[in-house]
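> Before I ask anything, let me first share the structure, which is written out below as C-alpha coordinates.
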Protein chains: 2
Amino acid sequence: MTEISFAPRGSKAEIEEGERLSPKFDADGLLTAVTVDADDGTVLMVAHMNAQALALTIETGVAHYFSRSRGRLWKKGEESGHLQQLVELRVDCDQDAVVLRVRMPPLGPGVPGAACHTGHRSCFFRSVPLGAAPTPELTLAVNDDGPLFDPAKVYGLTKKTDTPRF
Amino acid sequence: MTEISFAPRGSKAEIEEGERLSPKFDADGLLTAVTVDADDGTVLMVAHMNAQALALTIETGVAHYFSRSRGRLWKKGEESGHLQQLVELRVDCDQDAVVLRVRMPPLGPGVPGAACHTGHRSCFFRSVPLGAAPTPELTLAVNDDGPLFDPAKVYGLTKKTDTPRF
(Lines give C-alpha, C1' and ligand atoms only; values in the text may rest on other atoms or scores of the structure.)
Protein backbone atom coordinates (compact mmCIF):
# COMPACT_ATOMS: atom_id res chain seq x y z
CA MET A 1 0.00 0.00 0.00
CA THR A 2 1.04 3.58 -0.49
CA GLU A 3 2.02 5.98 2.26
CA ILE A 4 -0.65 6.36 4.92
CA SER A 5 -2.05 9.84 4.90
CA PHE A 6 -4.83 11.31 6.99
CA ALA A 7 -5.85 14.94 7.36
CA PRO A 8 -3.89 16.87 10.01
CA ARG A 9 -5.61 17.50 13.35
CA GLY A 10 -7.31 20.89 13.03
CA SER A 11 -9.32 22.98 15.47
CA LYS A 12 -11.62 21.34 17.97
CA ALA A 13 -14.62 22.28 15.79
CA GLU A 14 -12.98 20.87 12.67
CA ILE A 15 -12.14 17.60 14.40
CA GLU A 16 -15.47 17.16 16.14
CA GLU A 17 -17.89 18.34 13.52
CA GLY A 18 -15.94 18.72 10.27
CA GLU A 19 -15.75 16.46 7.26
CA ARG A 20 -12.10 15.44 7.40
CA LEU A 21 -10.75 12.21 8.85
CA SER A 22 -8.00 13.19 11.26
CA PRO A 23 -7.74 10.28 13.68
CA LYS A 24 -6.17 10.67 17.09
CA PHE A 25 -3.81 7.84 17.96
CA ASP A 26 -2.70 7.46 21.57
CA ALA A 27 0.85 7.34 22.92
CA ASP A 28 1.13 3.77 21.62
CA GLY A 29 -0.10 4.81 18.18
CA LEU A 30 -3.50 3.17 18.66
CA LEU A 31 -7.17 4.07 18.66
CA THR A 32 -10.13 2.07 19.95
CA ALA A 33 -12.14 -0.04 17.52
CA VAL A 34 -15.61 -1.30 18.46
CA THR A 35 -16.97 -3.98 16.15
CA VAL A 36 -20.70 -4.61 15.95
CA ASP A 37 -22.92 -6.88 13.90
CA ALA A 38 -24.23 -4.73 11.04
CA ASP A 39 -27.63 -6.40 11.13
CA ASP A 40 -28.61 -6.67 14.79
CA GLY A 41 -26.14 -4.27 16.42
CA THR A 42 -24.64 -6.80 18.84
CA VAL A 43 -21.26 -5.59 20.09
CA LEU A 44 -18.92 -8.35 18.98
CA MET A 45 -15.52 -7.16 20.22
CA VAL A 46 -13.36 -4.22 21.19
CA ALA A 47 -9.86 -4.05 19.76
CA HIS A 48 -7.31 -1.50 18.60
CA MET A 49 -5.99 -0.11 15.34
CA ASN A 50 -2.79 1.63 14.39
CA ALA A 51 -2.63 3.88 11.34
CA GLN A 52 -1.81 0.97 9.04
CA ALA A 53 -4.72 -1.14 10.30
CA LEU A 54 -7.13 1.77 9.92
CA ALA A 55 -5.91 2.56 6.41
CA LEU A 56 -6.12 -1.09 5.31
CA THR A 57 -9.61 -1.40 6.76
CA ILE A 58 -10.73 1.67 4.82
CA GLU A 59 -9.03 0.58 1.60
CA THR A 60 -10.09 -3.08 1.60
CA GLY A 61 -13.39 -2.98 3.50
CA VAL A 62 -12.13 -5.90 5.59
CA ALA A 63 -11.38 -5.44 9.30
CA HIS A 64 -7.72 -5.11 10.24
CA TYR A 65 -6.54 -4.45 13.78
CA PHE A 66 -3.29 -4.09 15.64
CA SER A 67 -2.74 -6.97 18.05
CA ARG A 68 -1.19 -5.59 21.21
CA SER A 69 -0.24 -9.06 22.46
CA ARG A 70 1.50 -9.97 19.21
CA GLY A 71 2.77 -6.47 18.50
CA ARG A 72 1.79 -6.61 14.85
CA LEU A 73 -0.91 -5.98 12.28
CA TRP A 74 -3.75 -8.46 12.63
CA LYS A 75 -6.17 -9.19 9.83
CA LYS A 76 -9.10 -10.61 11.75
CA GLY A 77 -9.73 -14.15 10.53
CA GLU A 78 -6.25 -14.69 9.13
CA GLU A 79 -6.07 -17.93 11.14
CA SER A 80 -9.70 -18.83 11.70
CA GLY A 81 -11.08 -17.73 8.34
CA HIS A 82 -13.61 -15.63 10.23
CA LEU A 83 -13.11 -12.43 8.24
CA GLN A 84 -15.16 -9.34 8.98
CA GLN A 85 -16.60 -7.54 5.94
CA LEU A 86 -17.40 -3.92 6.65
CA VAL A 87 -20.80 -2.48 5.91
CA GLU A 88 -19.93 0.86 7.49
CA LEU A 89 -17.11 2.51 9.39
CA ARG A 90 -18.02 5.30 11.80
CA VAL A 91 -15.77 7.73 13.64
CA ASP A 92 -16.57 9.54 16.87
CA CYS A 93 -16.51 13.23 17.70
CA ASP A 94 -12.92 13.49 18.88
CA GLN A 95 -11.79 10.86 16.38
CA ASP A 96 -10.03 8.55 18.82
CA ALA A 97 -12.49 5.70 18.34
CA VAL A 98 -14.20 3.99 15.43
CA VAL A 99 -17.18 1.66 15.09
CA LEU A 100 -17.02 -1.11 12.51
CA ARG A 101 -20.40 -2.40 11.37
CA VAL A 102 -19.54 -5.81 9.95
CA ARG A 103 -20.88 -9.05 8.60
CA MET A 104 -19.13 -12.33 9.36
CA PRO A 105 -19.52 -15.62 7.48
CA PRO A 106 -22.07 -17.91 9.12
CA LEU A 107 -20.55 -20.97 10.77
CA GLY A 108 -23.31 -23.19 9.43
CA PRO A 109 -26.99 -23.17 8.58
CA GLY A 110 -28.66 -20.97 11.16
CA VAL A 111 -25.37 -20.44 13.02
CA PRO A 112 -24.05 -16.89 12.89
CA GLY A 113 -20.40 -16.01 12.63
CA ALA A 114 -18.41 -15.77 15.84
CA ALA A 115 -15.91 -13.04 16.68
CA CYS A 116 -14.42 -14.21 19.98
CA HIS A 117 -11.42 -16.52 20.19
CA THR A 118 -13.26 -18.42 22.94
CA GLY A 119 -15.78 -19.58 20.35
CA HIS A 120 -18.56 -17.29 21.52
CA ARG A 121 -20.28 -15.06 18.99
CA SER A 122 -19.35 -11.97 21.01
CA CYS A 123 -16.51 -11.35 23.43
CA PHE A 124 -19.15 -9.78 25.69
CA PHE A 125 -20.88 -13.04 26.59
CA ARG A 126 -21.00 -12.38 30.35
CA SER A 127 -23.09 -9.85 32.26
CA VAL A 128 -22.46 -8.19 35.60
CA PRO A 129 -25.31 -8.15 38.15
CA LEU A 130 -26.36 -4.60 39.02
CA GLY A 131 -27.73 -2.98 42.17
CA ALA A 132 -25.11 -3.80 44.80
CA ALA A 133 -21.50 -2.80 45.28
CA PRO A 134 -19.18 -5.31 43.62
CA THR A 135 -17.41 -7.89 45.78
CA PRO A 136 -14.89 -10.62 44.90
CA GLU A 137 -17.80 -13.08 45.16
CA LEU A 138 -19.92 -11.31 42.53
CA THR A 139 -21.07 -13.91 40.00
CA LEU A 140 -21.18 -13.12 36.29
CA ALA A 141 -24.07 -14.47 34.23
CA VAL A 142 -23.61 -15.95 30.77
CA ASN A 143 -25.84 -14.13 28.29
CA ASP A 144 -25.58 -16.41 25.26
CA ASP A 145 -26.10 -20.09 24.43
CA GLY A 146 -22.44 -21.01 24.63
CA PRO A 147 -19.54 -21.24 22.17
CA LEU A 148 -20.33 -21.66 18.48
CA PHE A 149 -17.01 -23.25 17.55
CA ASP A 150 -14.23 -25.21 19.21
CA PRO A 151 -11.17 -22.94 19.50
CA ALA A 152 -8.81 -25.93 19.61
CA LYS A 153 -10.05 -27.09 16.23
CA VAL A 154 -10.18 -23.66 14.61
CA TYR A 155 -6.82 -22.45 15.84
CA GLY A 156 -5.20 -25.89 15.81
CA LEU A 157 -3.92 -25.58 19.34
CA THR A 158 -4.20 -27.82 22.35
CA LYS A 159 -3.43 -24.91 24.64
CA LYS A 160 -5.07 -21.55 24.15
CA THR A 161 -2.20 -19.46 25.38
CA ASP A 162 -1.20 -18.44 21.86
CA THR A 163 -4.61 -17.58 20.45
CA PRO A 164 -5.13 -14.06 19.16
CA ARG A 165 -5.63 -11.47 21.84
CA PHE A 166 -6.75 -7.90 21.72
CA MET B 1 -19.21 3.97 49.16
CA THR B 2 -17.24 1.21 50.77
CA GLU B 3 -13.87 -0.03 49.64
CA ILE B 4 -13.81 -1.13 45.99
CA SER B 5 -13.17 -4.81 45.73
CA PHE B 6 -13.07 -7.01 42.65
CA ALA B 7 -11.88 -10.59 42.33
CA PRO B 8 -8.13 -10.99 41.81
CA ARG B 9 -6.94 -11.75 38.27
CA GLY B 10 -6.71 -15.55 38.04
CA SER B 11 -5.61 -17.87 35.26
CA LYS B 12 -6.33 -17.05 31.65
CA ALA B 13 -9.19 -19.56 31.65
CA GLU B 14 -10.65 -18.11 34.84
CA ILE B 15 -10.52 -14.57 33.48
CA GLU B 16 -11.82 -15.38 30.02
CA GLU B 17 -14.49 -17.92 30.78
CA GLY B 18 -15.01 -17.93 34.55
CA GLU B 19 -17.75 -16.36 36.62
CA ARG B 20 -15.72 -13.81 38.57
CA LEU B 21 -15.39 -10.11 37.74
CA SER B 22 -11.68 -9.35 37.72
CA PRO B 23 -11.33 -6.29 35.52
CA LYS B 24 -8.04 -5.38 33.91
CA PHE B 25 -7.25 -1.69 34.22
CA ASP B 26 -4.48 -0.27 32.03
CA ALA B 27 -1.38 1.64 33.13
CA ASP B 28 -3.58 4.70 33.73
CA GLY B 29 -6.04 2.67 35.81
CA LEU B 30 -8.70 2.66 33.09
CA LEU B 31 -10.70 0.26 31.00
CA THR B 32 -12.73 0.90 27.85
CA ALA B 33 -16.48 1.45 28.15
CA VAL B 34 -18.74 1.18 25.11
CA THR B 35 -22.23 2.56 25.61
CA VAL B 36 -25.07 1.41 23.39
CA ASP B 37 -28.78 2.08 23.25
CA ALA B 38 -30.44 -0.86 25.01
CA ASP B 39 -33.35 -0.89 22.58
CA ASP B 40 -31.87 -0.51 19.11
CA GLY B 41 -28.18 -1.24 19.74
CA THR B 42 -26.86 2.06 18.38
CA VAL B 43 -23.35 2.70 19.68
CA LEU B 44 -23.73 6.00 21.52
CA MET B 45 -20.22 6.68 22.82
CA VAL B 46 -16.90 5.21 23.88
CA ALA B 47 -15.41 6.38 27.16
CA HIS B 48 -13.30 5.08 30.04
CA MET B 49 -13.84 3.89 33.60
CA ASN B 50 -11.54 3.64 36.56
CA ALA B 51 -12.29 1.23 39.40
CA GLN B 52 -14.46 3.78 41.20
CA ALA B 53 -16.53 4.54 38.10
CA LEU B 54 -17.03 0.85 37.40
CA ALA B 55 -18.02 0.12 40.99
CA LEU B 56 -20.46 3.06 41.11
CA THR B 57 -22.01 2.01 37.81
CA ILE B 58 -22.55 -1.51 39.15
CA GLU B 59 -23.89 -0.32 42.50
CA THR B 60 -26.21 2.42 41.24
CA GLY B 61 -27.18 1.18 37.77
CA VAL B 62 -26.38 4.66 36.44
CA ALA B 63 -23.41 5.19 34.10
CA HIS B 64 -20.30 6.68 35.65
CA TYR B 65 -17.07 7.21 33.75
CA PHE B 66 -13.64 8.65 34.36
CA SER B 67 -13.09 11.84 32.36
CA ARG B 68 -9.53 11.83 31.09
CA SER B 69 -9.70 15.52 30.13
CA ARG B 70 -10.94 16.54 33.56
CA GLY B 71 -9.00 13.92 35.46
CA ARG B 72 -11.94 13.01 37.66
CA LEU B 73 -14.99 10.81 38.11
CA TRP B 74 -17.73 11.79 35.69
CA LYS B 75 -21.35 10.90 36.28
CA LYS B 76 -22.72 11.15 32.74
CA GLY B 77 -25.47 13.78 32.72
CA GLU B 78 -24.28 15.59 35.84
CA GLU B 79 -24.39 18.86 33.86
CA SER B 80 -26.81 18.12 31.06
CA GLY B 81 -29.27 15.99 33.00
CA HIS B 82 -28.85 13.32 30.34
CA LEU B 83 -28.32 10.40 32.72
CA GLN B 84 -27.82 6.89 31.40
CA GLN B 85 -29.82 4.17 33.17
CA LEU B 86 -28.29 0.74 32.71
CA VAL B 87 -30.32 -2.18 31.44
CA GLU B 88 -27.30 -4.47 31.30
CA LEU B 89 -23.55 -4.34 31.84
CA ARG B 90 -21.43 -6.80 29.86
CA VAL B 91 -17.75 -7.63 30.21
CA ASP B 92 -15.49 -9.05 27.53
CA CYS B 93 -13.30 -12.13 27.53
CA ASP B 94 -10.12 -10.56 28.85
CA GLN B 95 -12.07 -8.15 31.06
CA ASP B 96 -10.47 -4.94 29.87
CA ALA B 97 -13.65 -3.61 28.25
CA VAL B 98 -17.31 -3.34 29.18
CA VAL B 99 -20.49 -2.67 27.25
CA LEU B 100 -23.21 -0.60 28.88
CA ARG B 101 -26.68 -1.16 27.48
CA VAL B 102 -28.52 1.99 28.55
CA ARG B 103 -31.67 4.02 28.24
CA MET B 104 -31.50 7.82 28.18
CA PRO B 105 -34.38 10.23 28.86
CA PRO B 106 -36.06 11.39 25.65
CA LEU B 107 -35.44 15.03 24.80
CA GLY B 108 -39.05 15.52 23.79
CA PRO B 109 -41.97 13.73 22.18
CA GLY B 110 -40.50 11.47 19.53
CA VAL B 111 -36.99 12.79 20.19
CA PRO B 112 -34.61 10.24 21.68
CA GLY B 113 -31.99 11.03 24.27
CA ALA B 114 -28.61 12.23 23.03
CA ALA B 115 -25.26 11.08 24.36
CA CYS B 116 -22.79 13.32 22.52
CA HIS B 117 -21.74 16.72 23.82
CA THR B 118 -22.10 18.03 20.24
CA GLY B 119 -25.85 17.50 20.52
CA HIS B 120 -25.93 14.43 18.30
CA ARG B 121 -27.60 11.29 19.56
CA SER B 122 -24.39 9.32 19.08
CA CYS B 123 -20.78 10.44 19.05
CA PHE B 124 -20.42 8.25 15.94
CA PHE B 125 -22.45 10.50 13.65
CA ARG B 126 -19.94 10.49 10.79
CA SER B 127 -19.01 7.64 8.44
CA VAL B 128 -15.82 7.00 6.52
CA PRO B 129 -16.11 6.12 2.81
CA LEU B 130 -14.67 2.67 2.06
CA GLY B 131 -12.92 1.15 -0.94
CA ALA B 132 -9.98 3.48 -1.50
CA ALA B 133 -6.86 4.29 0.49
CA PRO B 134 -7.48 7.27 2.79
CA THR B 135 -6.15 10.67 1.77
CA PRO B 136 -6.26 14.05 3.53
CA GLU B 137 -9.10 14.97 1.15
CA LEU B 138 -11.30 12.04 2.18
CA THR B 139 -14.77 13.39 3.02
CA LEU B 140 -16.75 12.04 5.95
CA ALA B 141 -20.50 11.59 5.55
CA VAL B 142 -22.97 12.54 8.27
CA ASN B 143 -25.13 9.52 9.11
CA ASP B 144 -27.84 11.14 11.25
CA ASP B 145 -30.33 14.01 10.98
CA GLY B 146 -28.21 16.48 12.92
CA PRO B 147 -27.93 17.58 16.54
CA LEU B 148 -30.90 16.99 18.84
CA PHE B 149 -30.01 19.70 21.33
CA ASP B 150 -28.05 22.94 21.42
CA PRO B 151 -24.87 22.36 23.45
CA ALA B 152 -24.59 26.06 24.31
CA LYS B 153 -28.00 25.96 25.98
CA VAL B 154 -27.55 22.63 27.71
CA TYR B 155 -24.08 23.27 29.03
CA GLY B 156 -24.61 27.00 29.50
CA LEU B 157 -21.46 27.95 27.66
CA THR B 158 -20.80 30.32 24.82
CA LYS B 159 -17.59 28.50 23.96
CA LYS B 160 -17.44 24.74 23.83
CA THR B 161 -13.89 24.38 24.99
CA ASP B 162 -14.92 23.33 28.47
CA THR B 163 -17.62 20.82 27.62
CA PRO B 164 -17.18 17.29 28.87
CA ARG B 165 -14.74 15.20 26.89
CA PHE B 166 -13.97 11.55 26.88
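Ligands are numbered from 1 in the order shown, chains are lettered A, B, ... in the order of the C-alpha coordinates, and residues start at 1 in each chain.
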Distance table requested - range 9-71 of chain B against range 104-125 of chain A, cut-off 10 Å, only C-alpha atoms: one row per qualifying residue with the closest atom pair and its distance in Å to one decimal, ordered by chain and rising residue number, as JSON lines.

```
{"residue": "B:Ala13", "atom": "CA", "partner": "A:Thr118", "partner_atom": "CA", "distance": 9.7}
{"residue": "B:Glu16", "atom": "CA", "partner": "A:Thr118", "partner_atom": "CA", "distance": 7.8}
{"residue": "B:Glu17", "atom": "CA", "partner": "A:Thr118", "partner_atom": "CA", "distance": 8.0}
```
> Distance cut-off 6 Å, counting only C-alpha atoms - which residues of chain A neighbour chain B? Return them as a PDB file with N, CA and C atoms, in the first residue's frame.

```
ATOM      1  N   SER A   5      -1.911   8.398   4.817  1.00  0.00           N
ATOM      2  CA  SER A   5      -2.045   9.842   4.901  1.00  0.00           C
ATOM      3  C   SER A   5      -3.455  10.232   5.322  1.00  0.00           C
ATOM      4  N   PHE A   6      -3.567  10.773   6.520  1.00  0.00           N
ATOM      5  CA  PHE A   6      -4.831  11.308   6.989  1.00  0.00           C
ATOM      6  C   PHE A   6      -4.726  12.831   7.040  1.00  0.00           C
ATOM      7  N   ALA A   7      -5.878  13.491   7.218  1.00  0.00           N
ATOM      8  CA  ALA A   7      -5.854  14.941   7.364  1.00  0.00           C
ATOM      9  C   ALA A   7      -5.189  15.309   8.691  1.00  0.00           C
ATOM     10  N   GLU A  19     -15.590  17.569   8.200  1.00  0.00           N
ATOM     11  CA  GLU A  19     -15.753  16.458   7.265  1.00  0.00           C
ATOM     12  C   GLU A  19     -14.444  15.772   6.914  1.00  0.00           C
ATOM     13  N   ARG A  20     -13.379  16.089   7.656  1.00  0.00           N
ATOM     14  CA  ARG A  20     -12.099  15.443   7.404  1.00  0.00           C
ATOM     15  C   ARG A  20     -11.836  14.331   8.422  1.00  0.00           C
ATOM     16  N   GLY A  41     -26.774  -5.224  15.521  1.00  0.00           N
ATOM     17  CA  GLY A  41     -26.138  -4.266  16.417  1.00  0.00           C
ATOM     18  C   GLY A  41     -25.391  -4.863  17.595  1.00  0.00           C
ATOM     19  N   ILE A  58     -10.029   0.737   5.713  1.00  0.00           N
ATOM     20  CA  ILE A  58     -10.728   1.667   4.822  1.00  0.00           C
ATOM     21  C   ILE A  58     -10.547   1.239   3.361  1.00  0.00           C
ATOM     22  N   GLU A  59      -9.324   0.891   3.003  1.00  0.00           N
ATOM     23  CA  GLU A  59      -9.033   0.580   1.602  1.00  0.00           C
ATOM     24  C   GLU A  59      -9.679  -0.727   1.145  1.00  0.00           C
ATOM     25  N   THR A  60      -9.631  -1.744   2.023  1.00  0.00           N
ATOM     26  CA  THR A  60     -10.087  -3.081   1.605  1.00  0.00           C
ATOM     27  C   THR A  60     -11.523  -3.381   2.006  1.00  0.00           C
ATOM     28  N   GLY A  61     -12.061  -2.659   2.996  1.00  0.00           N
ATOM     29  CA  GLY A  61     -13.389  -2.984   3.496  1.00  0.00           C
ATOM     30  C   GLY A  61     -13.422  -4.247   4.334  1.00  0.00           C
ATOM     31  N   LEU A  89     -18.112   2.133   8.406  1.00  0.00           N
ATOM     32  CA  LEU A  89     -17.105   2.514   9.394  1.00  0.00           C
ATOM     33  C   LEU A  89     -17.461   3.903   9.907  1.00  0.00           C
ATOM     34  N   ARG A  90     -17.642   4.020  11.205  1.00  0.00           N
ATOM     35  CA  ARG A  90     -18.022   5.304  11.801  1.00  0.00           C
ATOM     36  C   ARG A  90     -16.895   5.815  12.695  1.00  0.00           C
ATOM     37  N   VAL A  91     -16.805   7.122  12.804  1.00  0.00           N
ATOM     38  CA  VAL A  91     -15.769   7.733  13.645  1.00  0.00           C
ATOM     39  C   VAL A  91     -16.443   8.659  14.651  1.00  0.00           C
ATOM     40  N   ASP A  92     -15.884   8.754  15.836  1.00  0.00           N
ATOM     41  CA  ASP A  92     -16.567   9.540  16.874  1.00  0.00           C
ATOM     42  C   ASP A  92     -16.112  10.997  16.859  1.00  0.00           C
ATOM     43  N   CYS A  93     -16.694  11.782  17.741  1.00  0.00           N
ATOM     44  CA  CYS A  93     -16.510  13.228  17.702  1.00  0.00           C
ATOM     45  C   CYS A  93     -15.039  13.615  17.804  1.00  0.00           C
ATOM     46  N   CYS A 123     -17.386 -11.323  22.255  1.00  0.00           N
ATOM     47  CA  CYS A 123     -16.507 -11.349  23.430  1.00  0.00           C
ATOM     48  C   CYS A 123     -17.276 -10.967  24.697  1.00  0.00           C
ATOM     49  N   PHE A 124     -18.390 -10.284  24.530  1.00  0.00           N
ATOM     50  CA  PHE A 124     -19.150  -9.781  25.689  1.00  0.00           C
ATOM     51  C   PHE A 124     -20.268 -10.764  26.036  1.00  0.00           C
ATOM     52  N   ARG A 126     -20.679 -12.325  28.915  1.00  0.00           N
ATOM     53  CA  ARG A 126     -21.002 -12.384  30.350  1.00  0.00           C
ATOM     54  C   ARG A 126     -21.522 -11.031  30.818  1.00  0.00           C
ATOM     55  N   SER A 127     -22.479 -11.067  31.734  1.00  0.00           N
ATOM     56  CA  SER A 127     -23.089  -9.849  32.257  1.00  0.00           C
ATOM     57  C   SER A 127     -22.844  -9.735  33.752  1.00  0.00           C
ATOM     58  N   VAL A 128     -22.756  -8.497  34.196  1.00  0.00           N
ATOM     59  CA  VAL A 128     -22.464  -8.189  35.595  1.00  0.00           C
ATOM     60  C   VAL A 128     -23.772  -7.844  36.299  1.00  0.00           C
ATOM     61  N   LEU A 130     -26.330  -6.005  38.608  1.00  0.00           N
ATOM     62  CA  LEU A 130     -26.359  -4.600  39.024  1.00  0.00           C
ATOM     63  C   LEU A 130     -27.142  -4.438  40.326  1.00  0.00           C
ATOM     64  N   GLY A 131     -26.900  -3.324  41.012  1.00  0.00           N
ATOM     65  CA  GLY A 131     -27.726  -2.982  42.173  1.00  0.00           C
ATOM     66  C   GLY A 131     -27.068  -3.165  43.514  1.00  0.00           C
ATOM     67  N   ALA A 132     -25.857  -3.670  43.538  1.00  0.00           N
ATOM     68  CA  ALA A 132     -25.113  -3.796  44.798  1.00  0.00           C
ATOM     69  C   ALA A 132     -23.647  -3.552  44.502  1.00  0.00           C
ATOM     70  N   ALA A 133     -22.934  -3.031  45.475  1.00  0.00           N
ATOM     71  CA  ALA A 133     -21.503  -2.795  45.279  1.00  0.00           C
ATOM     72  C   ALA A 133     -20.806  -4.113  44.934  1.00  0.00           C
ATOM     73  N   THR A 135     -18.270  -7.189  44.822  1.00  0.00           N
ATOM     74  CA  THR A 135     -17.405  -7.891  45.779  1.00  0.00           C
ATOM     75  C   THR A 135     -16.647  -8.968  45.013  1.00  0.00           C
ATOM     76  N   PRO A 136     -15.609  -9.536  45.601  1.00  0.00           N
ATOM     77  CA  PRO A 136     -14.894 -10.615  44.902  1.00  0.00           C
ATOM     78  C   PRO A 136     -15.784 -11.830  44.636  1.00  0.00           C
ATOM     79  N   THR A 139     -21.029 -12.829  40.985  1.00  0.00           N
ATOM     80  CA  THR A 139     -21.068 -13.906  39.997  1.00  0.00           C
ATOM     81  C   THR A 139     -21.595 -13.392  38.663  1.00  0.00           C
ATOM     82  N   LEU A 140     -20.771 -13.523  37.633  1.00  0.00           N
ATOM     83  CA  LEU A 140     -21.176 -13.120  36.289  1.00  0.00           C
ATOM     84  C   LEU A 140     -22.194 -14.113  35.736  1.00  0.00           C
TER      85      LEU A 140
END
```
> List every residue of chain A that DSSP, applied to the backbone, labels as alpha helix (DSSP H), and write the result as a list in words.
Lys12, Ala13, Glu14, Ile15, Glu16, Glu17, Ala51, Gln52, Ala53, Leu54, Ala55, Leu56, Thr57, Ile58, Glu59, Thr60, Pro151, Ala152, Lys153, Val154 and Tyr155 of chain A
> For Gly29 in chain B, find every residue with an atom within 10 Å (counting only C-alpha atoms), except residues of its own chain fewer than 6 positions away, and show them as an mmCIF file with N, CA and C atoms, in the first residue's frame.

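result_9.cif was written with the following content:
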```
data_model
loop_
_atom_site.group_PDB
_atom_site.id
_atom_site.type_symbol
_atom_site.label_atom_id
_atom_site.label_comp_id
_atom_site.auth_asym_id
_atom_site.auth_seq_id
_atom_site.Cartn_x
_atom_site.Cartn_y
_atom_site.Cartn_z
ATOM 1 N N HIS B 48 -14.165 5.883 29.175
ATOM 2 C CA HIS B 48 -13.301 5.079 30.035
ATOM 3 C C HIS B 48 -13.836 5.052 31.462
ATOM 4 N N MET B 49 -13.451 4.021 32.187
ATOM 5 C CA MET B 49 -13.835 3.893 33.597
ATOM 6 C C MET B 49 -12.604 3.535 34.410
ATOM 7 N N ASN B 50 -12.488 4.165 35.578
ATOM 8 C CA ASN B 50 -11.542 3.641 36.555
ATOM 9 C C ASN B 50 -12.317 2.719 37.518
ATOM 10 N N ALA B 51 -11.639 2.197 38.509
ATOM 11 C CA ALA B 51 -12.293 1.233 39.403
ATOM 12 C C ALA B 51 -13.497 1.862 40.105
ATOM 13 N N PHE B 66 -14.738 7.810 33.911
ATOM 14 C CA PHE B 66 -13.639 8.654 34.358
ATOM 15 C C PHE B 66 -13.298 9.570 33.198
#
```
> One decimal, Å: what's the distance from CA of His64 in chain B over to CA of Leu83 in chain B, could you say?
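Those two atoms sit 9.3 Å apart.
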> Tell me, which residues of chain B carry DSSP strand (DSSP E or B), written as a PyMOL selection string?
chain B and resi 20+31-37+43-49+62+64-67+72-75+85-91+97-103+108+111+126-127+139+141-142
